[in-house]
Each structure stands twice: as structure tokens, then as C-alpha cells.
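Next comes upload_1.cif, a file with mmCIF, C-alpha atoms.
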data_my_file
#
loop_
_atom_site.group_PDB
_atom_site.id
_atom_site.type_symbol
_atom_site.label_atom_id
_atom_site.label_comp_id
_atom_site.auth_asym_id
_atom_site.auth_seq_id
_atom_site.Cartn_x
_atom_site.Cartn_y
_atom_site.Cartn_z
ATOM 1 C CA ASP L 148 116.439 58.407 109.806
ATOM 2 C CA THR L 149 117.378 62.079 109.489
ATOM 3 C CA ASN L 150 116.061 63.248 112.876
ATOM 4 C CA PRO L 151 117.503 61.434 115.916
ATOM 5 C CA THR L 152 115.015 63.126 118.252
ATOM 6 C CA LYS L 153 112.194 61.208 116.550
ATOM 7 C CA GLU L 154 113.884 57.898 115.764
ATOM 8 C CA ASP L 155 112.547 54.860 117.591
ATOM 9 C CA VAL L 156 114.724 51.759 117.285
ATOM 10 C CA GLU L 157 111.804 49.566 118.307
ATOM 11 C CA TYR L 158 109.707 50.950 115.434
ATOM 12 C CA VAL L 159 112.511 50.294 112.916
ATOM 13 C CA GLN L 160 112.989 46.732 114.167
ATOM 14 C CA SER L 161 109.266 46.049 113.971
ATOM 15 C CA ILE L 162 109.276 46.985 110.269
ATOM 16 C CA LEU L 163 112.153 44.596 109.598
ATOM 17 C CA GLU L 164 110.407 41.813 111.519
ATOM 18 C CA ASP L 165 107.200 42.347 109.545
ATOM 19 C CA VAL L 166 109.059 42.149 106.233
ATOM 20 C CA ARG L 167 110.756 38.944 107.340
ATOM 21 C CA TRP L 168 107.411 37.497 108.412
ATOM 22 C CA ILE L 169 105.789 38.338 105.070
ATOM 23 C CA LEU L 170 108.565 37.261 102.713
ATOM 24 C CA SER L 171 110.926 34.931 104.500
ATOM 25 C CA SER L 172 111.095 31.191 104.035
ATOM 26 C CA GLU L 173 113.065 28.559 105.901
ATOM 27 C CA THR L 174 116.014 29.182 103.585
ATOM 28 C CA ASN L 175 115.729 32.953 103.239
ATOM 29 C CA GLU L 176 116.122 34.972 106.419
ATOM 30 C CA ASN L 177 116.869 38.239 104.564
ATOM 31 C CA PRO L 178 114.195 38.741 101.899
ATOM 32 C CA TRP L 179 115.307 42.241 100.806
ATOM 33 C CA ASP L 180 117.764 42.852 97.995
ATOM 34 C CA GLY L 181 121.124 43.573 99.621
ATOM 35 C CA PRO L 182 121.641 45.287 102.976
ATOM 36 C CA VAL L 183 118.932 47.342 104.661
ATOM 37 C CA ARG L 184 119.290 50.888 103.328
ATOM 38 C CA LYS L 185 119.145 53.892 105.638
ATOM 39 C CA THR L 186 119.728 57.575 104.914
ATOM 40 C CA SER L 187 122.290 57.693 107.724
ATOM 41 C CA SER L 188 124.548 55.537 105.545
ATOM 42 C CA TYR L 189 124.900 58.554 103.248
ATOM 43 C CA PHE L 190 125.401 61.354 105.780
ATOM 44 C CA ASP L 191 128.923 62.072 104.516
ATOM 45 C CA LEU L 192 127.690 62.311 100.935
ATOM 46 C CA ILE L 193 124.722 64.508 101.842
ATOM 47 C CA TYR L 194 127.020 66.836 103.787
ATOM 48 C CA ASP L 195 129.337 67.097 100.766
ATOM 49 C CA CYS L 196 126.350 67.886 98.553
ATOM 50 C CA ALA L 197 125.220 70.684 100.868
ATOM 51 C CA MET L 198 128.739 72.097 100.998
ATOM 52 C CA SER L 199 128.896 72.009 97.213
ATOM 53 C CA LEU L 200 125.660 74.017 96.989
ATOM 54 C CA ILE L 201 127.094 76.599 99.370
ATOM 55 C CA GLU L 202 130.287 76.835 97.331
ATOM 56 C CA THR L 203 128.318 77.600 94.156
ATOM 57 C CA GLY L 204 125.992 80.097 95.832
ATOM 58 C CA ASP L 205 122.953 77.809 95.680
ATOM 59 C CA ALA L 206 122.686 77.600 99.479
ATOM 60 C CA TYR L 207 123.606 79.754 102.461
ATOM 61 C CA VAL L 208 123.780 79.736 106.254
ATOM 62 C CA ASP L 209 120.858 81.555 107.886
ATOM 63 C CA SER L 210 120.858 82.693 111.501
ATOM 64 C CA LEU L 211 117.222 83.686 111.842
ATOM 65 C CA SER L 212 115.226 81.920 114.541
ATOM 66 C CA SER L 213 112.674 79.312 113.508
ATOM 67 C CA GLU L 214 109.900 81.816 114.284
ATOM 68 C CA GLN L 215 111.539 84.461 112.092
ATOM 69 C CA ILE L 216 112.038 81.987 109.253
ATOM 70 C CA ARG L 217 108.349 81.132 109.430
ATOM 71 C CA GLU L 218 107.430 84.839 109.437
ATOM 72 C CA TYR L 219 109.751 85.713 106.543
ATOM 73 C CA ARG L 220 108.406 82.793 104.478
ATOM 74 C CA GLY L 221 105.113 84.574 103.857
ATOM 75 C CA THR L 222 101.746 82.952 103.237
ATOM 76 C CA LEU L 223 99.827 81.369 100.383
ATOM 77 C CA LYS L 224 98.615 84.870 99.465
ATOM 78 C CA GLN L 225 101.738 86.892 100.281
ATOM 79 C CA PRO L 226 105.278 86.350 98.946
ATOM 80 C CA GLY L 227 108.135 85.762 101.329
ATOM 81 C CA VAL L 228 110.893 88.183 102.285
ATOM 82 C CA ASP L 229 114.608 87.514 101.864
ATOM 83 C CA SER L 230 116.528 86.772 105.030
ATOM 84 C CA PRO L 231 119.171 89.449 105.753
ATOM 85 C CA PHE L 232 121.721 86.610 105.838
ATOM 86 C CA ARG L 233 120.855 85.579 102.267
ATOM 87 C CA THR L 234 123.322 88.048 100.788
ATOM 88 C CA SER L 235 125.164 89.637 103.738
ATOM 89 C CA ARG L 236 127.637 86.803 104.303
ATOM 90 C CA THR L 237 130.546 86.029 102.029
ATOM 91 C CA LEU L 238 131.036 82.614 100.488
ATOM 92 C CA GLN L 239 133.942 81.968 102.851
ATOM 93 C CA GLU L 240 131.842 82.917 105.884
ATOM 94 C CA ASN L 241 129.060 80.523 104.875
ATOM 95 C CA ILE L 242 131.542 77.690 104.386
ATOM 96 C CA ALA L 243 133.288 78.367 107.694
ATOM 97 C CA ILE L 244 130.048 78.482 109.697
ATOM 98 C CA PHE L 245 128.769 75.274 108.112
ATOM 99 C CA GLN L 246 132.016 73.526 109.034
ATOM 100 C CA GLN L 247 131.686 74.840 112.608
ATOM 101 C CA MET L 248 128.090 73.622 112.715
ATOM 102 C CA ARG L 249 129.349 70.135 111.912
ATOM 103 C CA GLN L 250 131.902 70.374 114.712
ATOM 104 C CA GLY L 251 129.134 71.105 117.224
ATOM 105 C CA LEU L 252 130.304 74.623 118.077
ATOM 106 C CA PHE L 253 126.786 76.102 118.102
ATOM 107 C CA PRO L 254 123.635 75.314 120.095
ATOM 108 C CA ASN L 255 120.450 74.018 118.541
ATOM 109 C CA GLY L 256 118.678 76.681 116.501
ATOM 110 C CA ALA L 257 121.667 79.005 116.145
ATOM 111 C CA HIS L 258 122.006 78.433 112.392
ATOM 112 C CA VAL L 259 120.470 76.480 109.544
ATOM 113 C CA VAL L 260 121.503 75.923 105.946
ATOM 114 C CA ARG L 261 118.905 77.000 103.393
ATOM 115 C CA ALA L 262 118.647 76.512 99.653
ATOM 116 C CA LYS L 263 118.724 79.761 97.694
ATOM 117 C CA ILE L 264 115.756 79.393 95.341
ATOM 118 C CA ASN L 265 112.949 81.957 95.248
ATOM 119 C CA MET L 266 111.269 83.647 98.203
ATOM 120 C CA SER L 267 108.451 84.813 95.906
ATOM 121 C CA SER L 268 107.599 81.374 94.570
ATOM 122 C CA PRO L 269 103.886 80.485 94.719
ATOM 123 C CA ASN L 270 105.053 77.128 96.099
ATOM 124 C CA ILE L 271 106.049 77.775 99.719
ATOM 125 C CA ASN L 272 108.311 74.718 99.653
ATOM 126 C CA LEU L 273 110.600 76.589 97.233
ATOM 127 C CA ARG L 274 110.980 79.681 99.426
ATOM 128 C CA ASP L 275 114.541 78.954 100.480
ATOM 129 C CA PRO L 276 113.764 75.678 102.294
ATOM 130 C CA VAL L 277 115.956 74.533 105.172
ATOM 131 C CA LEU L 278 118.435 71.826 104.151
ATOM 132 C CA TYR L 279 120.356 71.303 107.413
ATOM 133 C CA ARG L 280 119.742 72.034 111.095
ATOM 134 C CA ILE L 281 121.706 71.644 114.325
ATOM 135 C CA LEU L 282 120.733 68.793 116.678
ATOM 136 C CA THR L 283 123.438 68.314 119.285
ATOM 137 C CA ASP L 284 121.602 66.783 122.238
ATOM 138 C CA THR L 285 120.409 63.397 120.974
ATOM 139 C CA PRO L 286 122.706 60.589 119.773
ATOM 140 C CA HIS L 287 121.692 58.971 116.503
ATOM 141 C CA PRO L 288 120.749 55.253 116.693
ATOM 142 C CA GLU L 289 123.139 54.440 113.821
ATOM 143 C CA THR L 290 125.898 57.081 113.981
ATOM 144 C CA GLY L 291 125.959 57.910 117.701
ATOM 145 C CA ASP L 292 127.517 61.305 118.472
ATOM 146 C CA THR L 293 129.401 61.575 115.182
ATOM 147 C CA TRP L 294 127.069 64.195 113.722
ATOM 148 C CA LYS L 295 125.860 67.430 115.292
ATOM 149 C CA ILE L 296 123.898 68.488 112.205
ATOM 150 C CA TYR L 297 121.307 66.563 110.230
ATOM 151 C CA PRO L 298 119.789 66.982 106.755
ATOM 152 C CA MET L 299 116.103 67.620 106.278
ATOM 153 C CA TYR L 300 114.033 64.836 104.747
ATOM 154 C CA ASP L 301 113.213 66.827 101.596
ATOM 155 C CA PHE L 302 116.935 67.294 100.906
ATOM 156 C CA SER L 303 118.160 63.797 101.727
ATOM 157 C CA HIS L 304 115.265 62.036 99.964
ATOM 158 C CA PRO L 305 116.282 62.698 96.316
ATOM 159 C CA ILE L 306 119.991 62.215 97.075
ATOM 160 C CA SER L 307 119.369 58.799 98.640
ATOM 161 C CA ASP L 308 117.109 57.795 95.738
ATOM 162 C CA ALA L 309 119.719 58.829 93.163
ATOM 163 C CA VAL L 310 122.513 56.982 94.963
ATOM 164 C CA GLU L 311 120.513 53.753 95.173
ATOM 165 C CA GLY L 312 119.413 53.809 91.538
ATOM 166 C CA VAL L 313 115.739 54.339 92.358
ATOM 167 C CA THR L 314 113.734 55.159 89.226
ATOM 168 C CA HIS L 315 110.362 56.028 90.767
ATOM 169 C CA SER L 316 109.915 57.207 94.345
ATOM 170 C CA LEU L 317 106.304 56.669 95.410
ATOM 171 C CA CYS L 318 104.885 59.089 97.977
ATOM 172 C CA SER L 319 101.440 59.757 99.326
ATOM 173 C CA LEU L 320 99.551 62.734 97.938
ATOM 174 C CA GLU L 321 100.564 65.263 100.591
ATOM 175 C CA PHE L 322 104.083 65.285 99.137
ATOM 176 C CA GLU L 323 102.955 66.535 95.724
ATOM 177 C CA ASP L 324 103.928 70.140 96.528
ATOM 178 C CA HIS L 325 107.374 68.905 97.587
ATOM 179 C CA ARG L 326 108.154 67.412 94.182
ATOM 180 C CA PRO L 327 109.586 70.672 92.705
ATOM 181 C CA LEU L 328 112.174 70.706 95.520
ATOM 182 C CA TYR L 329 112.963 67.041 94.811
ATOM 183 C CA ASP L 330 113.587 67.938 91.163
ATOM 184 C CA TRP L 331 115.552 71.116 92.013
ATOM 185 C CA THR L 332 117.903 69.165 94.267
ATOM 186 C CA LEU L 333 118.703 66.609 91.579
ATOM 187 C CA GLN L 334 119.084 69.231 88.845
ATOM 188 C CA LYS L 335 121.573 71.145 90.964
ATOM 189 C CA LEU L 336 123.611 68.162 92.188
ATOM 190 C CA MET L 337 123.754 65.723 89.272
ATOM 191 C CA GLY L 338 126.866 66.303 87.227
ATOM 192 C CA ARG L 339 128.991 67.497 90.142
ATOM 193 C CA GLY L 340 130.439 64.039 90.639
ATOM 194 C CA TYR L 341 129.452 63.398 94.257
ATOM 195 C CA ILE L 342 126.401 61.238 93.580
ATOM 196 C CA GLU L 343 127.929 59.628 90.506
ATOM 197 C CA GLU L 344 131.052 58.554 92.409
ATOM 198 C CA TYR L 345 128.990 57.086 95.239
ATOM 199 C CA ARG L 346 126.827 55.162 92.761
ATOM 200 C CA GLN L 347 129.941 53.600 91.260
ATOM 201 C CA ARG L 348 131.099 52.605 94.728
ATOM 202 C CA LEU L 349 127.784 50.804 95.301
ATOM 203 C CA GLY L 350 127.853 49.180 91.877
ATOM 204 C CA ILE L 351 124.751 51.034 90.657
ATOM 205 C CA THR L 352 124.734 51.076 86.855
ATOM 206 C CA ASN L 353 121.347 52.702 86.299
ATOM 207 C CA THR L 354 121.800 56.282 85.032
ATOM 208 C CA VAL L 355 118.138 57.336 84.971
ATOM 209 C CA LEU L 356 117.269 60.234 87.260
ATOM 210 C CA PRO L 357 114.692 59.242 89.888
ATOM 211 C CA LYS L 358 111.212 60.722 89.705
ATOM 212 C CA GLN L 359 108.848 61.340 92.576
ATOM 213 C CA MET L 360 105.307 60.118 91.980
ATOM 214 C CA GLU L 361 102.369 60.591 94.302
ATOM 215 C CA PHE L 362 99.363 58.376 94.923
ATOM 216 C CA SER L 363 96.099 58.810 96.764
ATOM 217 C CA ARG L 364 95.779 56.416 99.655
ATOM 218 C CA LEU L 365 92.689 54.303 100.232
ATOM 219 C CA ASN L 366 91.821 53.488 103.822
ATOM 220 C CA LEU L 367 90.202 50.255 104.960
ATOM 221 C CA LYS L 368 87.919 50.237 107.965
ATOM 222 C CA TYR L 369 88.812 48.036 110.929
ATOM 223 C CA THR L 370 92.381 47.613 109.589
ATOM 224 C CA VAL L 371 95.585 49.169 110.884
ATOM 225 C CA LEU L 372 97.391 50.861 107.985
ATOM 226 C CA SER L 373 99.420 53.534 109.737
ATOM 227 C CA LYS L 374 101.349 54.063 112.927
ATOM 228 C CA ARG L 375 99.412 57.285 113.526
ATOM 229 C CA LYS L 376 95.832 56.351 112.572
#
Would you mind writing the structure in this file as C-alpha cells?
Amino acid sequence: DTNPTKEDVEYVQSILEDVRWILSSETNENPWDGPVRKTSSYFDLIYDCAMSLIETGDAYVDSLSSEQIREYRGTLKQPGVDSPFRTSRTLQENIAIFQQMRQGLFPNGAHVVRAKINMSSPNINLRDPVLYRILTDTPHPETGDTWKIYPMYDFSHPISDAVEGVTHSLCSLEFEDHRPLYDWTLQKLMGRGYIEEYRQRLGITNTVLPKQMEFSRLNLKYTVLSKRK
């Protein structure tokens, strides 16, 4: 639930009701192991992780428009071009702007936080992907108006998996090209103490790094398998 503009409480509740219907018995109204886990439960941690990346020069605040970011990213045949904000701002400026983004001092689209990886990578997902964006207009179903910025799915996904002790994160095949970013995020953040401390707080003893694995989906005719198809 990293994008409040696309969250539908009714859709979330329907998933929970389906799980109860499949697994519940007369004596077990909550079939899942522990509380229902949502990424919004870790927003503070994910923010701290992004700030840590900025502090070590692994991320920066970019002020290009979404159209310019798309243009600078390049194509499958052409490498991307560095944003002028990639190196023009000082570390202190990046930190200050990110803090102001959290406070809601900027309109939507004014700034984003991007990972500093490689704008010439053959994998477009590694060309300084966006980690955080500003979304000030829509309250979040879980956190209300507390947050004015929200992490991207590709950034929050590996952090949430690591915190919860997930060993294998199963995704459909279209996420295969996103796996290098999943791995990059964990390689950069593990060892800094943020994720490890949160795991201790949750009582997670597993120390294995999570791995993303993809599968090819089989469709059945005359059967609803997706909310979109």
C-alpha cells in the first residue's frame, strides 16, 4: 500500500475475507500467522533507509519533471543521461530537501528521490530509479495525512521482505528485470543497522537475505484469476 491514490479499502477487505473463507474454521477466525502485514507499517523504517542512502551518496533528490526523467532515462538501444541534479547538489542540500518533502512543503512532482546507480546500464530499471515521490493530496487508508511522500514499490518491496524474514519472494515473470534493483537495495542497506534493529523488534531470528524469484503464470479459461483480467 505505497500509493494512496490507488488504494481501495474495499479491495483490501475482500482479500482478507477470501482468506478467512478459505482457511478459517469455527475456532480460527484469523488463519494468517500473526497480524496482517502492510508496507505502511514500515514507512518510518523505509524513510530512514532512503535518508541513509542519501547520506552515503547512494541516492539524491532530483527536480526534473516526470517527462524529463523519462527522456533522460534513454531507451533499450540508447543509454540514459545523468540528471543535472545528480551531482550539482551538496549532501546537505539533498538531506534538507528530502526532510522538507516529508513535511509537505512542496507540491506533487516538484522533487523525487532517486537511487544513484548507473544511467548507462542495459537494464533500464537500474538507471537511477525513483525511490520516493511526493503525494500530498490523498490521505492514506492506514496512516491518514501523516505522510506527504511515499516510497516506490520496487524500493519498499525488498525492505519489507527483509524485515519480515521472508526467504523467497515470488513474483510473476514481468518482475524479472526488477530483480537487480531488489538485490541492489538489500546489498546497500543490510549492515547499516536499520533493518536489523527492526527485525529484532519484531522477533525475527532468520538472518538469510530474501531472494526474489519469478514464475510464469498459467491462465485458466472461464475462471477469474486477476482483478484486471
How close does each residue of region 280-371 of chain L get to region 206-214 of chain L, giving the shortest atom pair and distance in Å to one decimal for every residue with an atom at most 12 Å away, counting all atoms listed in the file, sorted by chain and residue number, as JSON lines?
{"residue": "L:Arg280", "atom": "CA", "partner": "L:Val208", "partner_atom": "CA", "distance": 10.0}
{"residue": "L:Ile281", "atom": "CA", "partner": "L:Ser210", "partner_atom": "CA", "distance": 11.4}
{"residue": "L:Phe302", "atom": "CA", "partner": "L:Ala206", "partner_atom": "CA", "distance": 11.9}
{"residue": "L:Thr332", "atom": "CA", "partner": "L:Ala206", "partner_atom": "CA", "distance": 11.0}
{"residue": "L:Lys335", "atom": "CA", "partner": "L:Ala206", "partner_atom": "CA", "distance": 10.7}
{"residue": "L:Leu336", "atom": "CA", "partner": "L:Ala206", "partner_atom": "CA", "distance": 12.0}
Could those selected residues go to a file with C-alpha atoms, as a compact mmCIF listing (two decimals), keeping the file's coordinate frame?
# COMPACT_ATOMS: atom_id res chain seq x y z
CA ARG L 280 119.74 72.03 111.10
CA ILE L 281 121.71 71.64 114.32
CA PHE L 302 116.94 67.29 100.91
CA THR L 332 117.90 69.17 94.27
CA LYS L 335 121.57 71.14 90.96
CA LEU L 336 123.61 68.16 92.19
(message) To one decimal place in Å, what is the distance between CA of Met299 (chain L) and CA of Pro151 (chain L)?
(response)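 Going from CA of Met299 (chain L) over to CA of Pro151 (chain L), I get 11.5 Å.
Note that CA of Arg261 (chain L) and CA of Leu317 (chain L) are 25.2 Å apart.
Reported to one decimal place, the separation of CA of Val159 (chain L) from CA of Leu282 (chain L) is 20.6 Å.
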(request) For Ser230 (chain L), please output as a PyMOL selection string all residues within 12 Å (counting all atoms listed in the file; exclusion window: fewer than 3 positions along the same chain). (result) chain L and resi 207-213+215-221+227+233-236+259-263+265-266+274-276
Pick out the residues sitting within 9 Å of Glu202 (chain L), and hand them over as a PDB file with C-alpha atoms, in the coordinates of the input; count all atoms listed in the file, and ignore anything fewer than 5 positions along from it in its own chain.
ATOM      1  CA  ALA L 197     125.220  70.684 100.868  1.00  0.00           C
ATOM      2  CA  TYR L 207     123.606  79.754 102.461  1.00  0.00           C
ATOM      3  CA  LEU L 238     131.036  82.614 100.488  1.00  0.00           C
ATOM      4  CA  GLN L 239     133.942  81.968 102.851  1.00  0.00           C
ATOM      5  CA  ASN L 241     129.060  80.523 104.875  1.00  0.00           C
ATOM      6  CA  ILE L 242     131.542  77.690 104.386  1.00  0.00           C
TER       7      ILE L 242
END
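Residue neighbourhood of region 354-360 of chain L, excluding near-sequence residues (fewer than 5 positions): Pro305, Asp308, Ala309, Gly312, Val313, Thr314, His315, Ser316, Leu317, Cys318, Ser319, Leu320, Phe322, Glu323, Arg326, Tyr329, Asp330, Leu333, Met337 and Glu343 of chain L, at 9 Å, using all atoms listed in the file.
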(request) Name the residues that the PyMOL selection byres ((chain L and resi 185) around 12) picks from the file above, as a PyMOL selection string, using the file's chain letters and numbers. (result) chain L and resi 148-149+159+182-184+186-190+288-290+303-304+306-308+310-311
Hey, could you patch up region 231-252 of chain L with N, CA, C and O atoms and hand it over as a short mmCIF file (atom, residue, chain, number, x, y, z; two decimals), in the frame of the given file?
data_model
loop_
_atom_site.label_atom_id
_atom_site.label_comp_id
_atom_site.auth_asym_id
_atom_site.auth_seq_id
_atom_site.Cartn_x
_atom_site.Cartn_y
_atom_site.Cartn_z
N PRO L 231 118.01 88.56 105.87
CA PRO L 231 119.17 89.45 105.75
C PRO L 231 120.48 88.69 105.58
O PRO L 231 121.46 89.25 105.08
N PHE L 232 120.50 87.41 105.97
CA PHE L 232 121.72 86.61 105.84
C PHE L 232 121.84 85.98 104.45
O PHE L 232 122.85 85.34 104.15
N ARG L 233 120.84 86.18 103.61
CA ARG L 233 120.86 85.58 102.27
C ARG L 233 122.00 86.13 101.42
O ARG L 233 122.59 85.43 100.60
N THR L 234 122.29 87.41 101.61
CA THR L 234 123.32 88.05 100.79
C THR L 234 124.40 88.75 101.61
O THR L 234 125.40 89.20 101.05
N SER L 235 124.22 88.84 102.93
CA SER L 235 125.16 89.64 103.74
C SER L 235 126.46 88.90 104.04
O SER L 235 127.49 89.53 104.30
N ARG L 236 126.44 87.58 103.99
CA ARG L 236 127.64 86.80 104.30
C ARG L 236 128.41 86.46 103.03
O ARG L 236 127.81 86.20 101.99
N THR L 237 129.72 86.43 103.15
CA THR L 237 130.55 86.03 102.03
C THR L 237 130.51 84.51 101.88
O THR L 237 130.08 83.79 102.79
N LEU L 238 130.96 84.04 100.73
CA LEU L 238 131.04 82.61 100.49
C LEU L 238 131.90 81.93 101.54
O LEU L 238 131.54 80.88 102.07
N GLN L 239 133.02 82.54 101.88
CA GLN L 239 133.94 81.97 102.85
C GLN L 239 133.31 81.91 104.24
O GLN L 239 133.51 80.94 104.98
N GLU L 240 132.52 82.92 104.58
CA GLU L 240 131.84 82.92 105.88
C GLU L 240 130.82 81.80 105.96
O GLU L 240 130.71 81.10 106.99
N ASN L 241 130.05 81.60 104.90
CA ASN L 241 129.06 80.52 104.88
C ASN L 241 129.73 79.16 105.02
O ASN L 241 129.26 78.30 105.78
N ILE L 242 130.82 78.96 104.31
CA ILE L 242 131.54 77.69 104.39
C ILE L 242 132.08 77.47 105.79
O ILE L 242 131.95 76.36 106.35
N ALA L 243 132.69 78.50 106.36
CA ALA L 243 133.29 78.37 107.69
C ALA L 243 132.24 78.05 108.76
O ALA L 243 132.45 77.19 109.61
N ILE L 244 131.09 78.72 108.69
CA ILE L 244 130.05 78.48 109.70
C ILE L 244 129.47 77.08 109.55
O ILE L 244 129.21 76.40 110.55
N PHE L 245 129.29 76.63 108.32
CA PHE L 245 128.77 75.27 108.11
C PHE L 245 129.73 74.22 108.67
O PHE L 245 129.32 73.24 109.29
N GLN L 246 131.02 74.44 108.47
CA GLN L 246 132.02 73.53 109.03
C GLN L 246 131.97 73.55 110.56
O GLN L 246 132.07 72.49 111.21
N GLN L 247 131.78 74.72 111.15
CA GLN L 247 131.69 74.84 112.61
C GLN L 247 130.40 74.22 113.13
O GLN L 247 130.38 73.65 114.23
N MET L 248 129.33 74.30 112.34
CA MET L 248 128.09 73.62 112.72
C MET L 248 128.33 72.12 112.84
O MET L 248 127.86 71.48 113.79
N ARG L 249 129.06 71.57 111.89
CA ARG L 249 129.35 70.14 111.91
C ARG L 249 130.17 69.76 113.14
O ARG L 249 130.01 68.67 113.71
N GLN L 250 131.04 70.64 113.56
CA GLN L 250 131.90 70.37 114.71
C GLN L 250 131.16 70.51 116.04
O GLN L 250 131.72 70.19 117.10
N GLY L 251 129.92 70.97 116.00
CA GLY L 251 129.13 71.10 117.22
C GLY L 251 129.46 72.34 118.04
O GLY L 251 129.31 72.34 119.26
N LEU L 252 129.89 73.41 117.37
CA LEU L 252 130.30 74.62 118.08
C LEU L 252 129.15 75.57 118.37
O LEU L 252 129.36 76.60 119.01
#
